[in-house]
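K.L.:
Quick one: the structure is below, questions incoming.
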Amino acid sequence: MTDLTNLTVAQIRDGHRAGDFSAVEVAEAFNTNVAGAKALNAFIVETPEHALAAARQADADRAAGTLKPLSGVPIGMKDLFATNGVQTTAASHMLEGFVPRYESTVSQKLWDAGAGMLGKLNLDQFAMGSSNETSYFGNVISPWRRKDGGNAALAPGGSSGGSSTAIAARLCPAATGTDTGGSIRQPAAFTGISGIKPTYGRCSRWGIVAFASSLDQAGPMARDVKDCAIMLENMAGFDPKDATSLDLPVPNWEAALSSDLKGKTVGIPKEYRLEGIDPEIDAMWDAGIAMLKDAGAEVVEISLPHTKYALPTYYIIAPAEASSNLARYDGVRYGLRDLPQGAGLQDMYAATRADGFGAEVKRRIMIGTYVLSAGFYDAYYTQAQKVRTLIARDFEQAFASCDVILAPTAPSAAFGLGEKMADPLAMYLNDVFAVPASLAGLPAMSVPAALNRDGLPLGLQIIGKAFDEQGVLNAGLAIEERAGFTARAEKWW
Amino acid sequence: MSDYRIKGETGEWEVVIGLEVHAQVTSNAKLFSGAATAFGAEPNTQVSLVDAAMPGMLPVPNRECIRQAVRTGMAIEAQINTWSRFDRKNYFYADLPQGYQISQLYHPLVGEGSLTIAADEKAGIPADKVIGIERIHVEQDAGKLMHDQHPTMSYVDLNRSGVALMEIVSRPDMRSPAEAGAYVRKLRSILRYVGSCDGNMEEGSMRADVNVSVRRPGDEFGTRTETKNVNSVRFVMAVIEGEAKRQVALIESGGTVVQETRLYDPDRNETRSMRSKEDAHDYRYFPDPDLLPLELDEAFLAECRASLPELPDAKRARYLAAGISAYNADVLTAEVEAARWFDALLEAGAKPVAAANWVTSELFGALNRLGKDITESPVSPAQAAELLGLVADGTISGTIAKQVFEKMLESGDAAGVIVERDGLKQTSDTGAIEAEIAKILAANADKVEQYKGGKEALFGFFVGQTMKAMQGKANPQVVNELLKKALA
């Protein structure tokens, strides 16, 4: 019998529909894998009973002929989404033990579509990080290892590192992620899976613990492009509870998937050719260009002149918003409260926040507080907003001459755990290719394209026009079909 | 020009006043959540997930709150900004769940406008005066701390958290406590006409931050202090007077006024320093990234405009044009309920001048006696119109009308019914009146002598006696004519 955990979302859905196996069998198989993968530390909370309950319902629905789009599919839920009755922590001590009495819009949509939950996935604390090392619950370890004879533990990427590892290690066929400055795409690239950040506003932010409101966007992570399309269809949609939600119908992305790119033009941004970058990254990029040409696309060079300002802009805007968004964690109403003997309100704030937030979160709150301060606001925040507008305009102008943009997802393959923790700037640099699309609110995805010399996955990024997730998915599919990426991490855990 | 001056030891000082009035928007729901807003509910019973700032919660603007603020802006003839934006004002306090207040610093909903306070000689306002209003912006209220529930802890009530406020910021155009008092009363009146705020200052629906500075007449503005959360007109005036005197005394004794925030203690009638500019918060204002800019379209603005009622100034002008005295027009337009009642009376056919006199004296007097406000009046405008109609067409006299009105208040019966039943119709039967006049003149021969000798003031005495003899039912005009004839 086939190992059910090797199946994609589409295969599980279709196989269950056809009666090849029961949903309970699928849930049990994944529950077993989850239980056996503690060494990866991908989950903060495991919810096997939730997965089983949804599976039983799916089996009943099949018998009754009332199957839903994701009936029988168990998934992982990034622990940034509020889940009713299930601890939601954002991987922080601050929210350790916090059990919401409400369900995020995106997770509710997935449950309504018939999906089940295998557990809450680990992440960088409050989604701040690129390696998953800032989690209060310990770092996730990538299932991948370098083929250099060593056993160095590698970063699964961040912040959606629990999601990427769980999918790569076959602990779930798909998972939710959130992307503020690359948090879906970079971990997907690091672990040889696919992930798409849709246009800002496609997925409701209601019930997702906020990091940087103007950038945060939920999206799916899965083994292939088709699964991303299926998942996204069941996550996206207008939500009146989110004032920034897009009031647009959700297209049938899966049905319109096509890798035929005849008549499409692909833009190659010359500013993304970084000096001193690993030649393997450039080689993968060139291979990707060839694949899209092979799929019928025309390739043109484009310019995104403000690219070099994207990272500094991001690291002003995101911390500024975060410093305000995280002010609510004050020990007054929920979560951690640290009340030293005889302490007053200010002491409680100081003690609670000193204890409840990790170093990276504190660093960003400090940066954000600084750039919003009187006397610095115009020099930093106002200026960053102006540059953000220019970056968005770069893309608009580039899209006058192309339909999608192709670039690397990250400037390197997965790095070793601990390698960059001492140097925040080196860590931030890992998001250099991901951040511009976030600032512009554009849909962007990463698909696995190659292995590097150490046998580690590399990802290619496709950036699309606003609302054109279809164009992004189609170009991603064209690469997927040609890259023939079948490598997977050998089980060591 | 106000000639209100603080007389210091070194001469006279002029007071400069600006007010920031916080008015709670009348709405069933909060500014960014669906939670209810009733006053006086049990603590923490009107709190949504958004108001408590639970993780992942997002604000969504409440259309009705925006609409009420726009209508208010239109009522003060202000510029309505069709593009405005919400900003976050960041600070930590236990009554502020989000750690920031959503407000509008950079792009308020309503721009420059004004209102006019009426001349009031007695209060030292010699002529109508226009007070500039700089802006109105919309913001969230905070919750409330309760310090008296536990020996060592403070409790937090979030019922008010997220309630919509309009902050109405005046120009520093006022020069006396009386002007400031008139401004607050006028603003309150307008808000209540518009229906955007109930103006209930005791319940905290309206409160003012009072900015006061002093200067030598004609000099530049002095340094101002801001006294927070003053919740009655009387207190606003007391704060200004006290604060102006304190500043003058301070300056004259060689000190300088520091820009600071002060609190008013009504029990001791004094203000005390809360915090100075040096320890003022850095609020780190920035545009709220959870909210898109607020853009208003023409249809929305047109609906807001069309829904505005006749406002106090227009109503007052209409009353004056109908011949009503300035005093009565002021009294009738001050409170929207009285104005509505009076308009209903006019619509029922009452003559404006007589109706105004009757409402401001008879009706208000009766309501005062009964401890009722006009919305609880036992007599309806239609019933009152009938009563006034009977006076106007000569069926009863003014004196009898008072009796009829008393009976209406007691029994609830219609005026016509009472007049008919109790035989109160006025008589013009000259024979009966002449007979009574003859008796009175005969019984008061001495006074007739005096009258004829030139003491014409006695005429009133004869009228009174005749009316009394006729039990008030004689037509006064007929009495006058017949008396004149008899005394000729």
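Simple scheme: letters A, B, ... for chains in structure tokens order, numbers from 1 for residues in each chain, numbers from 1 for ligands in the order shown.
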Using DSSP secondary structure from the backbone, list all helix (DSSP H, G or I) positions within segment 60-257 of chain A, as number ranges by chain.

P.N.:
A: 60-64, 105-112, 125-127, 161-168, 185-191, 225-233

K.L.:
Give the residues of chain A that lie within 6 Å of chain B; count only C-alpha atoms, and format the answer as a list in words.

P.N.:
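That gives Trp206, Gly207, Ile208, Val209, Ala210, Ser213, Ser214, Ala243, Ala327, Arg328, Leu372 and Ser373 of chain A for chain A.
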
K.L.:
Write out the residues from the selection above, keeping N, CA and C atoms, as a PDB file, in the first residue's frame.

P.N.:
ATOM      1  N   TRP A 206      -7.846  38.893   9.923  1.00  0.00           N
ATOM      2  CA  TRP A 206      -8.591  38.814  11.182  1.00  0.00           C
ATOM      3  C   TRP A 206      -8.255  37.514  11.912  1.00  0.00           C
ATOM      4  N   GLY A 207      -7.779  37.656  13.132  1.00  0.00           N
ATOM      5  CA  GLY A 207      -7.447  36.490  13.932  1.00  0.00           C
ATOM      6  C   GLY A 207      -6.025  35.991  13.750  1.00  0.00           C
ATOM      7  N   ILE A 208      -5.241  36.691  12.959  1.00  0.00           N
ATOM      8  CA  ILE A 208      -3.814  36.362  12.850  1.00  0.00           C
ATOM      9  C   ILE A 208      -3.067  37.345  13.751  1.00  0.00           C
ATOM     10  N   VAL A 209      -2.239  36.820  14.641  1.00  0.00           N
ATOM     11  CA  VAL A 209      -1.477  37.701  15.523  1.00  0.00           C
ATOM     12  C   VAL A 209      -0.660  38.647  14.648  1.00  0.00           C
ATOM     13  N   ALA A 210      -0.839  39.947  14.862  1.00  0.00           N
ATOM     14  CA  ALA A 210      -0.265  40.922  13.937  1.00  0.00           C
ATOM     15  C   ALA A 210       1.223  41.123  14.195  1.00  0.00           C
ATOM     16  N   SER A 213       1.103  45.247  10.124  1.00  0.00           N
ATOM     17  CA  SER A 213      -0.216  45.155   9.496  1.00  0.00           C
ATOM     18  C   SER A 213      -0.227  45.444   8.000  1.00  0.00           C
ATOM     19  N   SER A 214       0.595  46.397   7.565  1.00  0.00           N
ATOM     20  CA  SER A 214       0.519  46.783   6.155  1.00  0.00           C
ATOM     21  C   SER A 214       1.261  45.790   5.266  1.00  0.00           C
ATOM     22  N   ALA A 243     -10.541  45.633   7.462  1.00  0.00           N
ATOM     23  CA  ALA A 243     -10.767  46.821   6.628  1.00  0.00           C
ATOM     24  C   ALA A 243      -9.827  46.871   5.424  1.00  0.00           C
ATOM     25  N   ALA A 327       2.081  46.501  21.477  1.00  0.00           N
ATOM     26  CA  ALA A 327       1.863  47.246  22.722  1.00  0.00           C
ATOM     27  C   ALA A 327       0.757  46.601  23.550  1.00  0.00           C
ATOM     28  N   ARG A 328      -0.128  45.854  22.895  1.00  0.00           N
ATOM     29  CA  ARG A 328      -1.263  45.266  23.620  1.00  0.00           C
ATOM     30  C   ARG A 328      -0.834  44.152  24.579  1.00  0.00           C
ATOM     31  N   LEU A 372       9.714  56.025  15.176  1.00  0.00           N
ATOM     32  CA  LEU A 372       8.457  56.788  15.274  1.00  0.00           C
ATOM     33  C   LEU A 372       8.574  57.961  16.249  1.00  0.00           C
ATOM     34  N   SER A 373       9.721  58.086  16.911  1.00  0.00           N
ATOM     35  CA  SER A 373       9.852  59.106  17.946  1.00  0.00           C
ATOM     36  C   SER A 373       9.867  60.502  17.354  1.00  0.00           C
TER      37      SER A 373
END

K.L.:
Write down as a PyMOL selection string the residues of segment 86-257 of chain A whose backbone DSSP state falls under strand (DSSP E).

P.N.:
chain A and resi 116-121+174-179+194-197+217-222

K.L.:
Deliver the residues from the most recent selection as a file, using all heavy atoms, as a CSV table (one decimal), in the first residue's frame.

P.N.:
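Saved result, selection-v2.csv, follows:
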chain,number,residue,atom,x,y,z
A,116,GLY,N,-8.7,19.2,8.2
A,116,GLY,CA,-8.5,19.0,9.6
A,116,GLY,C,-7.2,19.5,10.1
A,116,GLY,O,-6.3,19.8,9.2
A,117,MET,N,-7.0,19.7,11.4
A,117,MET,CA,-5.8,20.3,11.9
A,117,MET,C,-4.9,19.3,12.6
A,117,MET,O,-5.3,18.6,13.6
A,117,MET,CB,-6.1,21.4,12.8
A,117,MET,CG,-4.9,22.1,13.4
A,117,MET,SD,-5.2,23.7,14.2
A,117,MET,CE,-6.2,23.2,15.6
A,118,LEU,N,-3.7,19.1,12.1
A,118,LEU,CA,-2.7,18.2,12.8
A,118,LEU,C,-2.1,18.8,13.9
A,118,LEU,O,-1.6,18.1,14.8
A,118,LEU,CB,-1.7,17.8,11.7
A,118,LEU,CG,-2.2,16.8,10.6
A,118,LEU,CD1,-1.4,16.9,9.4
A,118,LEU,CD2,-2.4,15.4,11.1
A,119,GLY,N,-2.0,20.2,13.9
A,119,GLY,CA,-1.3,20.8,15.1
A,119,GLY,C,-1.0,22.3,14.7
A,119,GLY,O,-1.2,22.7,13.6
A,120,LYS,N,-0.5,22.9,15.8
A,120,LYS,CA,-0.1,24.3,15.6
A,120,LYS,C,1.5,24.3,15.4
A,120,LYS,O,2.2,23.8,16.2
A,120,LYS,CB,-0.4,25.1,16.9
A,120,LYS,CG,-1.9,25.2,17.2
A,120,LYS,CD,-2.8,25.9,16.1
A,120,LYS,CE,-2.5,27.4,16.0
A,120,LYS,NZ,-3.1,28.2,17.0
A,121,LEU,N,1.9,25.0,14.3
A,121,LEU,CA,3.2,24.9,13.8
A,121,LEU,C,4.1,26.0,14.4
A,121,LEU,O,3.7,27.1,14.5
A,121,LEU,CB,3.3,24.9,12.3
A,121,LEU,CG,2.7,23.7,11.6
A,121,LEU,CD1,2.3,24.0,10.2
A,121,LEU,CD2,3.7,22.5,11.7
A,174,ALA,N,0.2,20.0,3.6
A,174,ALA,CA,0.1,21.4,3.3
A,174,ALA,C,0.0,22.1,4.7
A,174,ALA,O,-0.4,21.5,5.6
A,174,ALA,CB,-1.0,21.8,2.4
A,175,ALA,N,0.3,23.4,4.6
A,175,ALA,CA,0.2,24.2,5.9
A,175,ALA,C,-0.1,25.6,5.6
A,175,ALA,O,0.2,26.1,4.4
A,175,ALA,CB,1.5,24.1,6.7
A,176,THR,N,-0.5,26.4,6.6
A,176,THR,CA,-0.7,27.8,6.4
A,176,THR,C,0.7,28.4,6.7
A,176,THR,O,1.4,27.9,7.6
A,176,THR,CB,-1.7,28.4,7.3
A,176,THR,OG1,-1.4,28.0,8.7
A,176,THR,CG2,-3.1,27.9,6.9
A,177,GLY,N,0.9,29.6,6.1
A,177,GLY,CA,2.1,30.4,6.4
A,177,GLY,C,1.6,31.8,6.5
A,177,GLY,O,0.5,32.1,6.1
A,178,THR,N,2.5,32.7,7.0
A,178,THR,CA,2.2,34.1,6.8
A,178,THR,C,3.5,34.7,6.3
A,178,THR,O,4.6,34.2,6.6
A,178,THR,CB,1.8,34.8,8.1
A,178,THR,OG1,2.8,34.7,9.0
A,178,THR,CG2,0.5,34.3,8.6
A,179,ASP,N,3.4,35.8,5.5
A,179,ASP,CA,4.5,36.4,4.9
A,179,ASP,C,4.5,37.9,5.1
A,179,ASP,O,3.5,38.5,4.7
A,179,ASP,CB,4.5,36.0,3.4
A,179,ASP,CG,5.8,36.4,2.7
A,179,ASP,OD1,6.3,37.5,2.9
A,179,ASP,OD2,6.3,35.5,1.8
A,194,SER,N,6.9,24.5,-2.1
A,194,SER,CA,6.3,25.6,-2.8
A,194,SER,C,5.5,26.5,-1.8
A,194,SER,O,5.0,25.9,-0.8
A,194,SER,CB,5.4,25.3,-3.9
A,194,SER,OG,6.1,24.5,-4.9
A,195,GLY,N,5.4,27.7,-2.0
A,195,GLY,CA,4.6,28.6,-1.1
A,195,GLY,C,4.3,29.9,-1.8
A,195,GLY,O,5.1,30.4,-2.6
A,196,ILE,N,3.1,30.4,-1.6
A,196,ILE,CA,2.7,31.6,-2.3
A,196,ILE,C,2.2,32.6,-1.3
A,196,ILE,O,1.3,32.3,-0.4
A,196,ILE,CB,1.7,31.4,-3.4
A,196,ILE,CG1,1.3,32.7,-4.1
A,196,ILE,CG2,0.4,30.7,-2.9
A,196,ILE,CD1,0.6,32.5,-5.4
A,197,LYS,N,2.7,33.8,-1.4
A,197,LYS,CA,2.1,35.0,-0.7
A,197,LYS,C,1.2,35.7,-1.7
A,197,LYS,O,1.7,36.2,-2.7
A,197,LYS,CB,3.2,35.9,-0.3
A,197,LYS,CG,2.7,37.2,0.4
A,197,LYS,CD,3.7,38.3,0.5
A,197,LYS,CE,3.7,39.3,-0.7
A,197,LYS,NZ,2.5,40.1,-0.7
A,217,GLN,N,0.5,39.0,5.3
A,217,GLN,CA,-0.4,38.3,4.4
A,217,GLN,C,-0.3,36.8,4.6
A,217,GLN,O,0.8,36.3,4.5
A,217,GLN,CB,-0.1,38.8,3.0
A,217,GLN,CG,-1.1,38.3,2.0
A,217,GLN,CD,-2.6,38.6,2.3
A,217,GLN,OE1,-3.5,37.9,1.9
A,217,GLN,NE2,-2.9,39.7,3.1
A,218,ALA,N,-1.4,36.2,4.8
A,218,ALA,CA,-1.4,34.7,4.9
A,218,ALA,C,-1.3,34.1,3.5
A,218,ALA,O,-1.7,34.7,2.5
A,218,ALA,CB,-2.7,34.3,5.6
A,219,GLY,N,-0.8,32.9,3.5
A,219,GLY,CA,-0.7,32.2,2.2
A,219,GLY,C,-0.4,30.7,2.5
A,219,GLY,O,-0.1,30.3,3.6
A,220,PRO,N,-0.6,29.8,1.5
A,220,PRO,CA,-0.4,28.4,1.7
A,220,PRO,C,1.1,28.0,1.4
A,220,PRO,O,1.8,28.7,0.6
A,220,PRO,CB,-1.3,27.8,0.7
A,220,PRO,CG,-1.4,28.8,-0.4
A,220,PRO,CD,-1.2,30.1,0.2
A,221,MET,N,1.5,26.9,2.0
A,221,MET,CA,2.7,26.2,1.7
A,221,MET,C,2.4,24.8,1.5
A,221,MET,O,1.6,24.2,2.2
A,221,MET,CB,3.7,26.4,2.8
A,221,MET,CG,4.0,27.9,3.1
A,221,MET,SD,4.9,28.2,4.6
A,221,MET,CE,6.5,27.7,4.2
A,222,ALA,N,3.0,24.2,0.4
A,222,ALA,CA,2.6,22.8,0.1
A,222,ALA,C,3.7,22.2,-0.8
A,222,ALA,O,4.7,22.9,-1.0
A,222,ALA,CB,1.3,22.8,-0.7

K.L.:
Using only C-alpha atoms, which protein or nucleic acid residues come within 9 Å of Ile289 of chain A? Drop anything in the same chain fewer than 4 positions from it, and give the result as JSON, numbers by chain.

P.N.:
{"A": [266, 268, 284, 285, 293, 294, 299, 406]}

K.L.:
Using only C-alpha atoms, determine which residues lie at most 9 Å from Glu133 of chain A, disregarding the query and same-chain residues fewer than 4 positions distant; provide the list as a PyMOL selection string.

P.N.:
chain A and resi 123-125+129+138-140+155+158-159+417-418+421

K.L.:
Go ahead and dump the residues you just picked, N, CA, C and O atoms, as a PDB file, in the first residue's frame.

P.N.:
ATOM      1  N   LEU A 123       7.243  28.623  14.783  1.00  0.00           N
ATOM      2  CA  LEU A 123       7.597  29.768  13.928  1.00  0.00           C
ATOM      3  C   LEU A 123       8.567  30.656  14.687  1.00  0.00           C
ATOM      4  O   LEU A 123       8.814  30.439  15.871  1.00  0.00           O
ATOM      5  N   ASP A 124       9.082  31.633  14.005  1.00  0.00           N
ATOM      6  CA  ASP A 124       9.857  32.643  14.712  1.00  0.00           C
ATOM      7  C   ASP A 124       8.896  33.453  15.569  1.00  0.00           C
ATOM      8  O   ASP A 124       7.758  33.729  15.175  1.00  0.00           O
ATOM      9  N   GLN A 125       9.373  33.870  16.732  1.00  0.00           N
ATOM     10  CA  GLN A 125       8.531  34.557  17.697  1.00  0.00           C
ATOM     11  C   GLN A 125       7.871  35.787  17.074  1.00  0.00           C
ATOM     12  O   GLN A 125       8.550  36.654  16.526  1.00  0.00           O
ATOM     13  N   GLY A 129      11.794  36.785  12.198  1.00  0.00           N
ATOM     14  CA  GLY A 129      13.023  36.009  12.054  1.00  0.00           C
ATOM     15  C   GLY A 129      13.044  35.320  10.708  1.00  0.00           C
ATOM     16  O   GLY A 129      12.033  35.233  10.011  1.00  0.00           O
ATOM     17  N   GLY A 138      11.883  26.823  21.210  1.00  0.00           N
ATOM     18  CA  GLY A 138      13.031  26.150  20.603  1.00  0.00           C
ATOM     19  C   GLY A 138      12.954  26.191  19.087  1.00  0.00           C
ATOM     20  O   GLY A 138      11.874  26.272  18.509  1.00  0.00           O
ATOM     21  N   ASN A 139      14.127  26.145  18.447  1.00  0.00           N
ATOM     22  CA  ASN A 139      14.121  26.259  16.999  1.00  0.00           C
ATOM     23  C   ASN A 139      13.641  24.982  16.339  1.00  0.00           C
ATOM     24  O   ASN A 139      13.804  23.874  16.865  1.00  0.00           O
ATOM     25  N   VAL A 140      13.021  25.145  15.200  1.00  0.00           N
ATOM     26  CA  VAL A 140      12.702  24.019  14.338  1.00  0.00           C
ATOM     27  C   VAL A 140      14.009  23.605  13.656  1.00  0.00           C
ATOM     28  O   VAL A 140      14.868  24.437  13.381  1.00  0.00           O
ATOM     29  N   ALA A 155      18.849  25.547   9.281  1.00  0.00           N
ATOM     30  CA  ALA A 155      17.650  26.361   9.507  1.00  0.00           C
ATOM     31  C   ALA A 155      16.582  25.984   8.483  1.00  0.00           C
ATOM     32  O   ALA A 155      16.892  25.783   7.305  1.00  0.00           O
ATOM     33  N   GLY A 158      12.493  31.084   7.893  1.00  0.00           N
ATOM     34  CA  GLY A 158      11.558  31.688   8.831  1.00  0.00           C
ATOM     35  C   GLY A 158      10.807  32.829   8.173  1.00  0.00           C
ATOM     36  O   GLY A 158      11.184  33.269   7.095  1.00  0.00           O
ATOM     37  N   SER A 159       9.741  33.200   8.734  1.00  0.00           N
ATOM     38  CA  SER A 159       9.302  32.741  10.035  1.00  0.00           C
ATOM     39  C   SER A 159       8.477  31.444   9.980  1.00  0.00           C
ATOM     40  O   SER A 159       8.336  30.790  10.999  1.00  0.00           O
ATOM     41  N   LEU A 417      21.993  26.328  11.712  1.00  0.00           N
ATOM     42  CA  LEU A 417      21.434  26.968  12.899  1.00  0.00           C
ATOM     43  C   LEU A 417      22.559  27.595  13.698  1.00  0.00           C
ATOM     44  O   LEU A 417      23.623  27.008  13.851  1.00  0.00           O
ATOM     45  N   GLY A 418      22.338  28.808  14.157  1.00  0.00           N
ATOM     46  CA  GLY A 418      23.351  29.495  14.946  1.00  0.00           C
ATOM     47  C   GLY A 418      24.320  30.315  14.117  1.00  0.00           C
ATOM     48  O   GLY A 418      25.005  31.194  14.636  1.00  0.00           O
ATOM     49  N   MET A 421      22.815  34.010  13.961  1.00  0.00           N
ATOM     50  CA  MET A 421      22.098  34.599  15.090  1.00  0.00           C
ATOM     51  C   MET A 421      22.863  35.759  15.721  1.00  0.00           C
ATOM     52  O   MET A 421      22.266  36.682  16.271  1.00  0.00           O
TER      53      MET A 421
END

K.L.:
So, with only C-alpha atoms as the atoms that count, which of B:Leu19, B:Val110, B:Glu243, B:Asp219 lies closest to Val169 of chain B?

P.N.:
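The shortest atom-to-atom distance to Val169 of chain B comes from B:Leu19.
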
K.L.:
Can you tell me which residues surround Leu332 of chain B at a distance of at most 8 Å, considering only C-alpha atoms, apart from same-chain residues fewer than 3 positions away, and format the answer as a list in words?

P.N.:
Asn328, Ala329, Glu335, Ala338, Ala339, Phe342, Ala356 and Thr360 of chain B

K.L.:
I'd like the neighbourhood of Ala152 of chain A as number ranges by chain, where a residue qualifies if any of its atoms comes within 12 Å (using only C-alpha atoms), though same-chain residues fewer than 6 positions away should be ignored.

P.N.:
A: 141-146, 414-419, 454

K.L.:
Those residues with C-alpha atoms, as a PDB file, in the first residue's frame please?

P.N.:
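Below is the file that was written, out38.pdb:
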ATOM      1  CA  ILE A 141      15.349  21.880  12.646  1.00  0.00           C
ATOM      2  CA  SER A 142      15.219  21.423   8.915  1.00  0.00           C
ATOM      3  CA  PRO A 143      14.878  17.815   7.759  1.00  0.00           C
ATOM      4  CA  TRP A 144      17.547  18.588   5.177  1.00  0.00           C
ATOM      5  CA  ARG A 145      21.228  18.017   5.787  1.00  0.00           C
ATOM      6  CA  ARG A 146      24.220  18.935   3.752  1.00  0.00           C
ATOM      7  CA  ALA A 414      19.654  27.011   4.072  1.00  0.00           C
ATOM      8  CA  PHE A 415      22.321  28.080   6.519  1.00  0.00           C
ATOM      9  CA  GLY A 416      23.281  26.311   9.693  1.00  0.00           C
ATOM     10  CA  LEU A 417      21.434  26.968  12.899  1.00  0.00           C
ATOM     11  CA  GLY A 418      23.351  29.495  14.946  1.00  0.00           C
ATOM     12  CA  GLU A 419      25.368  30.733  11.965  1.00  0.00           C
ATOM     13  CA  ASP A 454      25.703  20.414  -0.820  1.00  0.00           C
TER      14      ASP A 454
END

K.L.:
Between B:His137, B:Val214, B:Val130, B:Gln450, which has the minimum distance to Glu252 of chain B (counting only C-alpha atoms)?

P.N.:
B:Val214

K.L.:
Could you work out how far atom CA of Ala182 of chain B lies from atom CA of Ser205 of chain B, giving the answer in Å with one decimal?

P.N.:
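Going from atom CA of Ser205 of chain B over to atom CA of Ala182 of chain B, I get 18.1 Å.
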